[in-house]
>>> print(open('start.txt').read())   # compact mmCIF, C-alpha atoms and all ligand atoms
# COMPACT_ATOMS: atom_id res chain seq x y z
CA MET A 1363 16.78 28.82 10.88
CA TYR A 1364 14.56 25.75 11.29
CA ASP A 1365 15.09 22.96 13.81
CA TYR A 1366 13.72 20.41 11.36
CA LEU A 1367 13.38 20.38 7.61
CA ILE A 1368 10.99 17.61 6.60
CA VAL A 1369 11.12 16.41 3.02
CA GLY A 1370 7.80 14.90 1.98
CA SER A 1371 4.32 15.51 3.37
CA GLY A 1372 3.05 11.93 3.36
CA LEU A 1373 2.06 10.13 6.53
CA TYR A 1374 5.61 9.78 7.90
CA GLY A 1375 6.60 13.38 7.18
CA SER A 1376 3.33 14.84 8.42
CA ILE A 1377 3.30 12.88 11.68
CA SER A 1378 6.91 13.91 12.28
CA ALA A 1379 6.02 17.54 11.58
CA TYR A 1380 3.00 17.43 13.87
CA GLU A 1381 4.84 15.83 16.78
CA LEU A 1382 7.93 18.01 16.48
CA ASN A 1383 5.83 21.15 16.24
CA LYS A 1384 3.98 20.04 19.36
CA LYS A 1385 7.31 19.66 21.14
CA GLY A 1386 8.09 23.26 20.27
CA TYR A 1387 10.51 22.76 17.40
CA LYS A 1388 10.45 25.05 14.40
CA VAL A 1389 9.56 22.94 11.37
CA LEU A 1390 9.47 23.43 7.60
CA VAL A 1391 7.89 20.84 5.31
CA LEU A 1392 8.92 20.62 1.65
CA GLU A 1393 6.69 18.81 -0.81
CA LYS A 1394 7.58 18.02 -4.40
CA ARG A 1395 3.99 17.64 -5.59
CA ASN A 1396 1.39 20.39 -5.75
CA HIS A 1397 -0.54 18.95 -2.82
CA ILE A 1398 0.11 17.47 0.63
CA GLY A 1399 -0.49 13.89 1.71
CA GLY A 1400 1.84 11.78 -0.41
CA ASN A 1401 0.14 8.66 -1.68
CA ILE A 1402 -2.73 8.76 0.80
CA TYR A 1403 -3.98 11.96 -0.83
CA THR A 1404 -7.68 11.94 -1.63
CA GLU A 1405 -9.48 14.51 -3.74
CA ASN A 1406 -13.18 15.24 -3.55
CA ILE A 1407 -14.65 15.00 -7.04
CA CYS A 1408 -18.43 14.96 -7.61
CA ASP A 1409 -18.92 14.49 -3.85
CA ILE A 1410 -16.77 11.34 -3.88
CA ASN A 1411 -13.38 11.07 -2.16
CA VAL A 1412 -11.11 9.73 -4.86
CA HIS A 1413 -7.98 7.87 -3.72
CA LYS A 1414 -5.70 9.47 -6.29
CA TYR A 1415 -2.72 7.17 -5.69
CA GLY A 1416 -4.56 3.92 -5.17
CA ALA A 1417 -6.94 2.57 -2.58
CA HIS A 1418 -5.87 3.04 1.01
CA ILE A 1419 -7.78 1.05 3.57
CA PHE A 1420 -6.74 1.67 7.11
CA HIS A 1421 -6.29 -1.44 9.23
CA THR A 1422 -4.29 -2.22 12.34
CA SER A 1423 -4.19 -4.45 15.36
CA ASN A 1424 -2.29 -1.89 17.36
CA LYS A 1425 -4.65 -0.04 19.69
CA ASP A 1426 -2.20 2.83 20.23
CA VAL A 1427 -1.91 3.39 16.48
CA TRP A 1428 -5.69 3.25 16.12
CA ASN A 1429 -6.22 5.78 18.92
CA TYR A 1430 -3.50 7.96 17.48
CA ILE A 1431 -5.00 8.23 13.99
CA ASN A 1432 -8.49 8.71 15.42
CA GLN A 1433 -7.37 12.06 16.85
CA PHE A 1434 -7.34 13.35 13.31
CA ALA A 1435 -10.48 11.81 11.85
CA GLU A 1436 -13.53 9.77 12.55
CA PHE A 1437 -13.43 6.44 10.73
CA ASN A 1438 -16.37 4.68 9.12
CA ASN A 1439 -16.92 0.94 9.47
CA TYR A 1440 -15.77 -0.04 5.98
CA ILE A 1441 -14.51 -3.62 5.85
CA ASN A 1442 -12.50 -4.52 2.80
CA SER A 1443 -14.11 -7.44 0.96
CA PRO A 1444 -12.72 -7.53 -2.55
CA VAL A 1445 -14.22 -9.68 -5.24
CA ALA A 1446 -12.05 -11.48 -7.78
CA ARG A 1447 -13.10 -11.80 -11.38
CA TYR A 1448 -11.46 -14.62 -13.32
CA LYS A 1449 -12.77 -14.57 -16.91
CA ASN A 1450 -16.53 -14.80 -16.35
CA GLU A 1451 -16.43 -16.17 -12.86
CA LEU A 1452 -16.70 -14.13 -9.65
CA TYR A 1453 -15.23 -15.20 -6.31
CA ASN A 1454 -15.06 -13.71 -2.85
CA LEU A 1455 -11.69 -12.85 -1.38
CA PRO A 1456 -9.75 -13.52 0.73
CA PHE A 1457 -9.82 -17.28 0.25
CA ASN A 1458 -12.64 -18.44 2.48
CA MET A 1459 -15.67 -20.73 2.55
CA ASN A 1460 -17.53 -18.44 0.13
CA THR A 1461 -14.67 -18.88 -2.35
CA PHE A 1462 -14.36 -22.63 -1.82
CA THR A 1463 -18.07 -23.45 -2.11
CA LYS A 1464 -18.41 -21.42 -5.30
CA LEU A 1465 -15.31 -22.99 -6.81
CA TRP A 1466 -16.20 -26.56 -5.86
CA PRO A 1467 -19.97 -27.17 -5.84
CA ASP A 1468 -19.48 -30.45 -3.96
CA VAL A 1469 -17.89 -28.62 -1.02
CA PHE A 1470 -20.23 -27.56 1.80
CA THR A 1471 -18.26 -27.74 5.02
CA PRO A 1472 -14.82 -26.62 6.27
CA SER A 1473 -13.58 -30.21 6.47
CA GLU A 1474 -14.66 -30.84 2.87
CA ALA A 1475 -12.86 -27.67 1.80
CA LYS A 1476 -9.71 -28.73 3.64
CA ALA A 1477 -9.83 -32.18 2.06
CA LYS A 1478 -10.22 -30.64 -1.40
CA ILE A 1479 -7.25 -28.31 -0.90
CA GLU A 1480 -5.20 -31.18 0.50
CA ALA A 1481 -5.90 -33.22 -2.63
CA GLU A 1482 -5.05 -30.24 -4.83
CA ARG A 1483 -1.65 -29.61 -3.27
CA LYS A 1484 -0.64 -33.17 -2.44
CA ASP A 1485 1.57 -33.75 -5.49
CA SER A 1486 3.44 -30.49 -5.26
CA TYR A 1487 3.59 -29.80 -1.51
CA LYS A 1488 6.94 -28.30 -0.47
CA GLU A 1489 8.14 -28.53 3.10
CA ASN A 1490 10.03 -25.24 2.80
CA PRO A 1491 8.52 -23.13 0.02
CA THR A 1492 11.18 -20.93 -1.54
CA ASN A 1493 9.03 -18.79 -3.82
CA LEU A 1494 5.51 -17.40 -4.13
CA GLU A 1495 4.26 -20.16 -6.42
CA GLU A 1496 5.26 -22.91 -3.99
CA GLN A 1497 3.93 -20.97 -1.03
CA ALA A 1498 0.58 -20.32 -2.76
CA ILE A 1499 0.08 -23.94 -3.81
CA ASN A 1500 0.93 -25.08 -0.30
CA LEU A 1501 -1.69 -22.72 1.08
CA VAL A 1502 -4.65 -23.20 -1.26
CA GLY A 1503 -3.82 -25.79 -3.90
CA LYS A 1504 -3.50 -25.63 -7.66
CA THR A 1505 -6.93 -24.47 -8.88
CA ILE A 1506 -7.03 -21.38 -6.68
CA TYR A 1507 -3.43 -20.68 -7.55
CA GLU A 1508 -4.19 -20.88 -11.29
CA LYS A 1509 -7.43 -18.88 -11.18
CA LEU A 1510 -6.93 -16.30 -8.47
CA ILE A 1511 -3.22 -15.87 -7.81
CA LYS A 1512 -1.00 -16.60 -10.80
CA GLY A 1513 -2.20 -13.96 -13.28
CA TYR A 1514 -2.87 -11.22 -10.74
CA THR A 1515 0.53 -11.58 -9.09
CA ALA A 1516 2.40 -11.71 -12.40
CA LYS A 1517 0.62 -8.53 -13.50
CA GLN A 1518 1.21 -6.75 -10.23
CA TRP A 1519 4.91 -7.56 -9.96
CA GLY A 1520 5.89 -8.08 -13.60
CA LYS A 1521 7.52 -11.37 -12.68
CA LYS A 1522 6.42 -14.98 -12.58
CA CYS A 1523 5.27 -16.30 -9.20
CA SER A 1524 8.18 -18.73 -9.23
CA GLU A 1525 10.57 -15.75 -9.29
CA LEU A 1526 8.94 -13.87 -6.41
CA PRO A 1527 9.56 -14.13 -2.68
CA ALA A 1528 7.05 -16.23 -0.73
CA PHE A 1529 6.31 -13.57 1.89
CA ILE A 1530 4.15 -11.44 -0.47
CA ILE A 1531 1.32 -13.95 -0.38
CA LYS A 1532 1.47 -14.26 3.39
CA ARG A 1533 -0.47 -10.99 3.51
CA LEU A 1534 -3.56 -12.89 2.40
CA PRO A 1535 -5.62 -14.79 4.95
CA VAL A 1536 -7.01 -18.27 4.21
CA ARG A 1537 -10.11 -18.95 6.29
CA PHE A 1538 -12.43 -21.85 6.75
CA THR A 1539 -15.31 -19.59 7.75
CA PHE A 1540 -17.77 -17.60 5.63
CA ASP A 1541 -15.94 -14.34 6.25
CA ASN A 1542 -14.98 -12.00 3.43
CA ASN A 1543 -12.97 -9.56 5.55
CA TYR A 1544 -9.67 -9.17 3.69
CA PHE A 1545 -7.73 -8.25 6.82
CA ASN A 1546 -7.30 -10.03 10.12
CA ASP A 1547 -6.74 -6.80 12.01
CA ARG A 1548 -8.83 -5.72 14.99
CA TYR A 1549 -9.48 -2.17 13.70
CA GLN A 1550 -10.39 -1.12 10.16
CA GLY A 1551 -12.08 1.73 8.31
CA ILE A 1552 -11.86 4.71 6.01
CA PRO A 1553 -11.59 8.24 7.41
CA ILE A 1554 -14.86 10.12 6.94
CA GLY A 1555 -14.18 13.06 4.64
CA GLY A 1556 -11.05 11.51 3.13
CA TYR A 1557 -7.39 11.12 4.03
CA THR A 1558 -6.33 14.61 2.96
CA LYS A 1559 -8.20 16.07 5.94
CA ILE A 1560 -6.03 14.00 8.30
CA ILE A 1561 -2.88 15.44 6.78
CA GLU A 1562 -4.36 18.96 6.81
CA LYS A 1563 -4.98 18.64 10.53
CA MET A 1564 -1.48 17.35 11.17
CA LEU A 1565 0.08 20.20 9.24
CA ASP A 1566 -2.20 22.89 10.63
CA GLY A 1567 -0.05 25.85 11.72
CA ILE A 1568 3.11 24.39 10.14
CA GLU A 1569 4.96 26.03 7.27
CA VAL A 1570 4.66 23.92 4.10
CA LYS A 1571 6.17 24.65 0.71
CA LEU A 1572 4.61 22.82 -2.23
CA ASN A 1573 6.25 22.22 -5.62
CA VAL A 1574 9.75 22.11 -4.15
CA ASP A 1575 12.10 19.38 -5.30
CA TYR A 1576 14.49 19.21 -2.35
CA LEU A 1577 17.05 17.09 -4.18
CA LYS A 1578 17.46 19.82 -6.79
CA GLU A 1579 18.03 22.49 -4.13
CA LYS A 1580 19.64 20.45 -1.40
CA ASP A 1581 22.47 22.88 -0.62
CA LYS A 1582 20.15 25.82 -0.26
CA TYR A 1583 17.76 24.03 2.09
CA ASN A 1584 20.41 22.22 4.11
CA LYS A 1585 21.75 25.62 5.13
CA ILE A 1586 18.51 26.68 6.78
CA ALA A 1587 17.87 23.67 9.02
CA LYS A 1588 19.69 21.98 11.87
CA ASN A 1589 18.14 18.57 11.15
CA ILE A 1590 16.56 16.91 8.16
CA ILE A 1591 13.95 14.19 7.93
CA TYR A 1592 13.91 12.81 4.41
CA THR A 1593 11.00 10.58 3.37
CA GLY A 1594 11.78 10.19 -0.32
CA ALA A 1595 13.56 7.30 -1.99
CA LEU A 1596 16.95 6.56 -0.43
CA ASP A 1597 18.64 5.68 -3.73
CA ALA A 1598 17.46 8.99 -5.22
CA TYR A 1599 18.95 10.88 -2.27
CA TYR A 1600 22.33 9.36 -3.09
CA ASP A 1601 21.87 10.06 -6.78
CA TYR A 1602 21.61 6.33 -7.60
CA GLN A 1603 25.37 5.99 -7.14
CA TYR A 1604 25.20 2.22 -6.62
CA GLY A 1605 22.38 1.84 -9.16
CA ALA A 1606 18.61 2.27 -8.83
CA LEU A 1607 16.50 0.18 -6.49
CA GLU A 1608 13.61 -1.54 -8.26
CA TYR A 1609 10.03 -0.51 -7.67
CA ARG A 1610 6.67 -1.21 -9.22
CA THR A 1611 4.65 1.78 -10.16
CA VAL A 1612 0.94 2.04 -10.86
CA ARG A 1613 -0.83 3.97 -13.58
CA PHE A 1614 -4.48 4.83 -12.98
CA GLU A 1615 -7.11 5.33 -15.61
CA THR A 1616 -9.85 7.20 -13.83
CA GLU A 1617 -13.28 7.80 -15.31
CA ILE A 1618 -16.37 9.64 -14.08
CA LEU A 1619 -19.38 7.58 -15.07
CA ASP A 1620 -22.96 8.68 -15.42
CA GLU A 1621 -24.39 5.92 -13.27
CA VAL A 1622 -24.98 5.51 -9.56
CA ASN A 1623 -23.36 2.14 -9.05
CA HIS A 1624 -20.98 0.59 -11.55
CA GLN A 1625 -19.62 -2.60 -10.03
CA GLY A 1626 -21.35 -2.97 -6.65
CA ASN A 1627 -18.11 -3.14 -4.66
CA ALA A 1628 -15.14 -0.89 -3.89
CA VAL A 1629 -12.58 -3.37 -5.22
CA ILE A 1630 -12.78 -5.93 -8.01
CA ASN A 1631 -9.55 -7.75 -8.82
CA TYR A 1632 -9.08 -9.05 -12.37
CA THR A 1633 -7.09 -12.16 -11.77
CA ASP A 1634 -6.57 -13.48 -15.30
CA TYR A 1635 -3.43 -12.42 -17.08
CA GLU A 1636 -5.21 -11.35 -20.27
CA VAL A 1637 -7.05 -8.36 -18.76
CA PRO A 1638 -4.31 -5.71 -18.69
CA TYR A 1639 -5.31 -4.01 -15.44
CA THR A 1640 -5.03 -5.63 -12.01
CA ARG A 1641 -8.14 -4.17 -10.44
CA ILE A 1642 -10.93 -1.62 -10.70
CA ILE A 1643 -11.62 0.59 -7.72
CA GLU A 1644 -15.04 2.24 -7.40
CA HIS A 1645 -14.25 4.98 -4.92
CA LYS A 1646 -17.73 5.81 -3.62
CA HIS A 1647 -18.11 2.33 -2.09
CA PHE A 1648 -15.40 3.15 0.46
CA GLU A 1649 -17.94 5.49 1.98
CA PHE A 1650 -21.54 5.01 2.87
CA ASP A 1651 -22.87 8.53 2.65
CA SER A 1652 -22.25 9.57 -0.95
CA THR A 1653 -25.43 10.81 -2.60
CA SER A 1654 -23.65 11.49 -5.87
CA PRO A 1655 -25.66 10.51 -8.95
CA LYS A 1656 -22.33 9.73 -10.62
CA THR A 1657 -19.60 7.27 -9.81
CA ILE A 1658 -15.83 7.29 -10.28
CA ILE A 1659 -13.76 4.26 -11.16
CA SER A 1660 -10.01 3.77 -11.48
CA LYS A 1661 -8.41 0.97 -13.43
CA GLU A 1662 -4.97 0.09 -12.08
CA TYR A 1663 -2.16 -0.84 -14.42
CA SER A 1664 1.04 -2.01 -12.82
CA LYS A 1665 4.41 -1.46 -14.47
CA THR A 1666 8.14 -1.39 -13.88
CA TRP A 1667 9.32 1.82 -12.31
CA GLU A 1668 11.59 4.03 -14.42
CA LYS A 1669 13.30 7.26 -13.40
CA GLY A 1670 10.68 10.01 -13.32
CA ASP A 1671 7.82 7.68 -12.33
CA GLU A 1672 6.34 7.63 -8.83
CA PRO A 1673 7.72 4.65 -6.92
CA TYR A 1674 4.92 2.60 -5.30
CA TYR A 1675 5.89 -0.88 -4.26
CA PRO A 1676 9.48 -1.70 -3.29
CA ILE A 1677 10.63 -5.03 -4.69
CA ASN A 1678 12.00 -6.62 -1.55
CA ASP A 1679 13.88 -9.51 -3.14
CA GLU A 1680 17.40 -10.44 -2.14
CA LYS A 1681 19.14 -8.42 -4.83
CA ASN A 1682 17.29 -5.21 -4.02
CA ASN A 1683 17.51 -5.65 -0.26
CA GLU A 1684 21.28 -6.00 -0.60
CA LEU A 1685 21.46 -2.86 -2.69
CA TYR A 1686 19.27 -1.05 -0.16
CA ASN A 1687 21.64 -2.09 2.61
CA LYS A 1688 24.52 -0.45 0.76
CA TYR A 1689 22.59 2.81 0.70
CA LYS A 1690 21.61 2.26 4.32
CA ASP A 1691 25.31 2.05 5.24
CA LEU A 1692 25.76 5.50 3.73
CA ALA A 1693 22.68 6.76 5.56
CA ASN A 1694 23.95 5.44 8.88
CA LYS A 1695 27.06 7.57 8.53
CA GLU A 1696 25.08 10.80 8.27
CA SER A 1697 24.79 12.90 11.38
CA ASN A 1698 21.90 15.30 10.98
CA ILE A 1699 19.69 13.56 8.45
CA HIS A 1700 17.19 10.83 9.21
CA PHE A 1701 15.50 8.64 6.58
CA GLY A 1702 12.04 7.25 7.14
CA GLY A 1703 8.74 6.06 5.74
CA ARG A 1704 7.95 3.54 3.02
CA LEU A 1705 10.42 4.99 0.52
CA GLY A 1706 13.14 5.92 3.00
CA SER A 1707 12.97 2.42 4.49
CA TYR A 1708 12.33 0.61 1.17
CA LYS A 1709 9.62 -1.53 2.75
CA TYR A 1710 6.18 -2.72 1.62
CA TYR A 1711 4.63 -0.92 4.57
CA ASP A 1712 0.98 -0.58 5.44
CA MET A 1713 -0.10 2.75 6.90
CA ASP A 1714 -0.14 1.54 10.49
CA LYS A 1715 3.50 0.49 10.25
CA VAL A 1716 4.43 3.92 8.94
CA ILE A 1717 2.67 5.57 11.87
CA LEU A 1718 4.42 3.31 14.34
CA GLU A 1719 7.79 3.92 12.75
CA ALA A 1720 7.29 7.69 12.80
CA LEU A 1721 6.18 7.72 16.45
CA ASN A 1722 9.08 5.51 17.50
CA TYR A 1723 11.49 7.82 15.77
CA ILE A 1724 10.01 10.93 17.36
CA ASN A 1725 10.12 9.31 20.79
CA SER A 1726 13.79 8.52 20.28
CA ILE A 1727 14.58 12.24 19.89
CA LYS A 1728 15.78 13.72 23.14
N1 LIG A 1801 -3.11 -11.60 -4.50
C1 LIG A 1801 -3.53 -12.52 -5.43
N2 LIG A 1801 -4.80 -12.42 -5.93
C2 LIG A 1801 -5.64 -11.43 -5.56
C3 LIG A 1801 -5.21 -10.50 -4.59
C4 LIG A 1801 -3.94 -10.61 -4.09
O1 LIG A 1801 -2.80 -13.41 -5.81
O2 LIG A 1801 -6.78 -11.39 -6.07
C5 LIG A 1801 -1.73 -11.73 -3.98
C6 LIG A 1801 -0.70 -11.20 -4.95
O3 LIG A 1801 0.45 -12.01 -4.87
C7 LIG A 1801 -0.41 -9.81 -4.46
C8 LIG A 1801 -0.53 -9.97 -2.96
O4 LIG A 1801 -1.54 -10.97 -2.81
O5 LIG A 1801 0.85 -9.37 -4.86
C9 LIG A 1801 -0.93 -8.71 -2.22
O6 LIG A 1801 -2.02 -8.14 -2.90
P1 LIG A 1801 -2.88 -6.92 -2.38
O7 LIG A 1801 -3.90 -6.64 -3.40
O8 LIG A 1801 -3.33 -7.21 -1.00
O9 LIG A 1801 -1.79 -5.77 -2.32
P2 LIG A 1801 -2.00 -4.21 -2.15
O10 LIG A 1801 -1.73 -3.64 -3.47
O11 LIG A 1801 -3.42 -4.00 -1.73
O12 LIG A 1801 -0.98 -3.80 -1.12
>>> encode(input="start.txt", output="structure tokens")
Amino acid sequence: MYDYLIVGSGLYGSISAYELNKKGYKVLVLEKRNHIGGNIYTENICDINVHKYGAHIFHTSNKDVWNYINQFAEFNNYINSPVARYKNELYNLPFNMNTFTKLWPDVFTPSEAKAKIEAERKDSYKENPTNLEEQAINLVGKTIYEKLIKGYTAKQWGKKCSELPAFIIKRLPVRFTFDNNYFNDRYQGIPIGGYTKIIEKMLDGIEVKLNVDYLKEKDKYNKIAKNIIYTGALDAYYDYQYGALEYRTVRFETEILDEVNHQGNAVINYTDYEVPYTRIIEHKHFEFDSTSPKTIISKEYSKTWEKGDEPYYPINDEKNNELYNKYKDLANKESNIHFGGRLGSYKYYDMDKVILEALNYINSIK
């Protein structure tokens, strides 16, 4: 008999397992895939840590979270500075003085950049933006919206910007300094040796079963544990009885190339609608010590999630949030099962939020 059965060995499940094991509970982790780590899983190929389920860049402003994750790995000083390619033009992201001066050759100073953006948004400024298009134009004006936001966002979400919630774009900083750091957070980096090592350390000494689809053998596993922590999709747990929540999923086309440096940066976003992928990741640039004579790139194609696909991004619009709340009502009535993590919570979470959520949950256990 186990005290805790943990379904899913991603960040939420693995932190829960580690902390509960430390408290002396007997824990079993079940993992559907043939490896641990969920979507932060990295695999070393040709001496390069490949982010198999998309680029994960750790960033947080929470010192406790930063100290917590540093127990399990040393982080390098990678700072995410993506470049956007719009047709044959290259721009620095996030939107900052490097972007503005390249876009408008008559702009040299922050006040000139502000005046230009003001002129560009004047006619369409909305006091209370209700969708992503309005929010984006309010923030940076029409040209940047057209070149760097419209196509990329439509590809990523499969919907027009005017049909998307405004909050998505609030992730992106707009700066009037020459600073290409994509995140505003105090701490940032990539774990040296890859993310999988973090999860291995967390699960060290804990029983883990790979290739087990809990939902298919629920009755059997429920009998052997007093409590369950389920980190999969909530709608799947309830067999989609109210209908499926919407997600975006990502398909990666990964290639090993016979060259040392393919694109000169870890992340290049393709912001025009015509290029079918959203971005190309060149994994070795997340690290600074790869001596590999080869390089590995992944093209990311975004698409609507269908049953059987891996869910990546929850679509947190009103309709889906309402549906999620119906499932949440069911979940709240359960007595010995807890739902957590990005999928269990149906939230567009960054890794630091997942860590915080897991630690808060563990602390709430008597
Ligand atoms: N975004 C954009 N152009 C870009 C990068 C981002 O318009 O070149 C917007 C877009 O609306 C996207 C959101 O910012 O949905 C968040 O993008 P990001 O790449 O940060 O998301 P991630 O996949 O890294 O979580």
>>> residues_near_point(input="start.txt", point="(-9.4, -4.9, 11.1)", cutoff="7 Å", atoms="only C-alpha atoms", output="tab-separated table (two decimals) with C-alpha atoms, in the frame of the given file")
chain	number	residue	atom	x	y	z
A	1421	HIS	CA	-6.29	-1.44	9.23
A	1422	THR	CA	-4.29	-2.22	12.34
A	1423	SER	CA	-4.19	-4.45	15.36
A	1545	PHE	CA	-7.73	-8.25	6.82
A	1546	ASN	CA	-7.30	-10.03	10.12
A	1547	ASP	CA	-6.74	-6.80	12.01
A	1548	ARG	CA	-8.83	-5.72	14.99
A	1549	TYR	CA	-9.48	-2.17	13.70
A	1550	GLN	CA	-10.39	-1.12	10.16
>>> residues_near_ligand(input="start.txt", ligand="ligand LIG 1801 (chain A)", cutoff="7 Å", atoms="only C-alpha atoms and all ligand atoms", output="PyMOL selection string")
chain A and resi 1446+1455+1510-1512+1514-1515+1518-1519+1530-1531+1533-1534+1631+1633
>>> closest_residue(input="start.txt", among="A:Tyr1507, A:Tyr1609, A:Tyr1723, A:Tyr1604", to="Gly1703 of chain A", atoms="all atoms listed in the file")
A:Tyr1723
>>> atom_distance(input="start.txt", atom1="atom CA of Lys1571 of chain A", atom2="atom CA of Leu1390 of chain A")
7.7 Å
>>> closest_atom_pairs(input="start.txt", of="segment 1437-1552 of chain A", to="segment 1646-1668 of chain A", cutoff="9 Å", atoms="all atoms listed in the file", output="tab-separated table")
residue	atom	partner	partner_atom	distance
A:Asn1438	CA	A:Glu1649	CA	7.4
A:Asn1439	CA	A:Glu1649	CA	8.8
A:Tyr1440	CA	A:Phe1648	CA	6.4
A:Ile1441	CA	A:Phe1648	CA	8.7
A:Asn1442	CA	A:Phe1648	CA	8.5
A:Lys1517	CA	A:Ser1664	CA	6.6
A:Gln1518	CA	A:Ser1664	CA	5.4
A:Trp1519	CA	A:Ser1664	CA	7.3
A:Gly1520	CA	A:Lys1665	CA	6.8
A:Gly1551	CA	A:Phe1648	CA	8.6
A:Ile1552	CA	A:Phe1648	CA	6.8
>>> atom_distance(input="start.txt", atom1="atom CA of Ile1724 of chain A", atom2="atom CA of Ser1378 of chain A")
6.7 Å
>>> atom_distance(input="start.txt", atom1="atom CA of Leu1501 of chain A", atom2="atom CA of Ile1643 of chain A")
26.8 Å
>>> closest_residue(input="start.txt", among="A:Glu1482, A:Arg1395, A:Ile1586, A:Asp1679", to="Leu1494 of chain A", atoms="only C-alpha atoms")
A:Asp1679
>>> closest_residue(input="start.txt", among="A:Phe1420, A:Tyr1415, A:Tyr1403, A:Tyr1380", to="Lys1715 of chain A", atoms="only C-alpha atoms")
A:Phe1420
>>> closest_residue(input="start.txt", among="A:Lys1385, A:Arg1704, A:Lys1425, A:His1418", to="Gly1594 of chain A", atoms="all atoms listed in the file")
A:Arg1704
>>> residues_near_point(input="start.txt", point="(3.7, 12.5, 9.3)", cutoff="12 Å", atoms="all atoms listed in the file", output="ChimeraX atom specification")
/A:1368-1383,1391,1398-1400,1402,1430-1431,1434,1560-1565,1568,1591-1593,1702-1704,1713-1714,1716-1721,1723-1724
>>> write_last_selection(input="start.txt", atoms="C-alpha atoms", output="CSV table (one decimal), in the frame of the given file")
chain,number,residue,atom,x,y,z
A,1368,ILE,CA,11.0,17.6,6.6
A,1369,VAL,CA,11.1,16.4,3.0
A,1370,GLY,CA,7.8,14.9,2.0
A,1371,SER,CA,4.3,15.5,3.4
A,1372,GLY,CA,3.0,11.9,3.4
A,1373,LEU,CA,2.1,10.1,6.5
A,1374,TYR,CA,5.6,9.8,7.9
A,1375,GLY,CA,6.6,13.4,7.2
A,1376,SER,CA,3.3,14.8,8.4
A,1377,ILE,CA,3.3,12.9,11.7
A,1378,SER,CA,6.9,13.9,12.3
A,1379,ALA,CA,6.0,17.5,11.6
A,1380,TYR,CA,3.0,17.4,13.9
A,1381,GLU,CA,4.8,15.8,16.8
A,1382,LEU,CA,7.9,18.0,16.5
A,1383,ASN,CA,5.8,21.2,16.2
A,1391,VAL,CA,7.9,20.8,5.3
A,1398,ILE,CA,0.1,17.5,0.6
A,1399,GLY,CA,-0.5,13.9,1.7
A,1400,GLY,CA,1.8,11.8,-0.4
A,1402,ILE,CA,-2.7,8.8,0.8
A,1430,TYR,CA,-3.5,8.0,17.5
A,1431,ILE,CA,-5.0,8.2,14.0
A,1434,PHE,CA,-7.3,13.4,13.3
A,1560,ILE,CA,-6.0,14.0,8.3
A,1561,ILE,CA,-2.9,15.4,6.8
A,1562,GLU,CA,-4.4,19.0,6.8
A,1563,LYS,CA,-5.0,18.6,10.5
A,1564,MET,CA,-1.5,17.4,11.2
A,1565,LEU,CA,0.1,20.2,9.2
A,1568,ILE,CA,3.1,24.4,10.1
A,1591,ILE,CA,14.0,14.2,7.9
A,1592,TYR,CA,13.9,12.8,4.4
A,1593,THR,CA,11.0,10.6,3.4
A,1702,GLY,CA,12.0,7.2,7.1
A,1703,GLY,CA,8.7,6.1,5.7
A,1704,ARG,CA,8.0,3.5,3.0
A,1713,MET,CA,-0.1,2.8,6.9
A,1714,ASP,CA,-0.1,1.5,10.5
A,1716,VAL,CA,4.4,3.9,8.9
A,1717,ILE,CA,2.7,5.6,11.9
A,1718,LEU,CA,4.4,3.3,14.3
A,1719,GLU,CA,7.8,3.9,12.8
A,1720,ALA,CA,7.3,7.7,12.8
A,1721,LEU,CA,6.2,7.7,16.4
A,1723,TYR,CA,11.5,7.8,15.8
A,1724,ILE,CA,10.0,10.9,17.4
>>> closest_residue(input="start.txt", among="A:Glu1621, A:Phe1614, A:Thr1461, A:Gly1670", to="Asp1541 of chain A", atoms="all atoms listed in the file")
A:Thr1461
>>> axis_aligned_box(input="start.txt", around="segment 1595-1611 of chain A", padding_each_side="6 Å", output="lines of an AutoDock Vina configuration file")
center_x = 15.0
center_y = 4.7
center_z = -5.3
size_x = 32.7
size_y = 24.4
size_z = 21.7
>>> closest_residue(input="start.txt", among="A:Asn1543, A:Thr1492, A:Asn1683, A:Thr1640", to="Ala1516 of chain A", atoms="all atoms listed in the file")
A:Thr1640
>>> residues_around(input="start.txt", residues="segment 1577-1585 of chain A", least_positions_apart="2", cutoff="12 Å", atoms="all atoms listed in the file", output="PyMOL selection string")
chain A and resi 1363-1370+1390-1394+1571+1573-1575+1587-1601+1698-1699
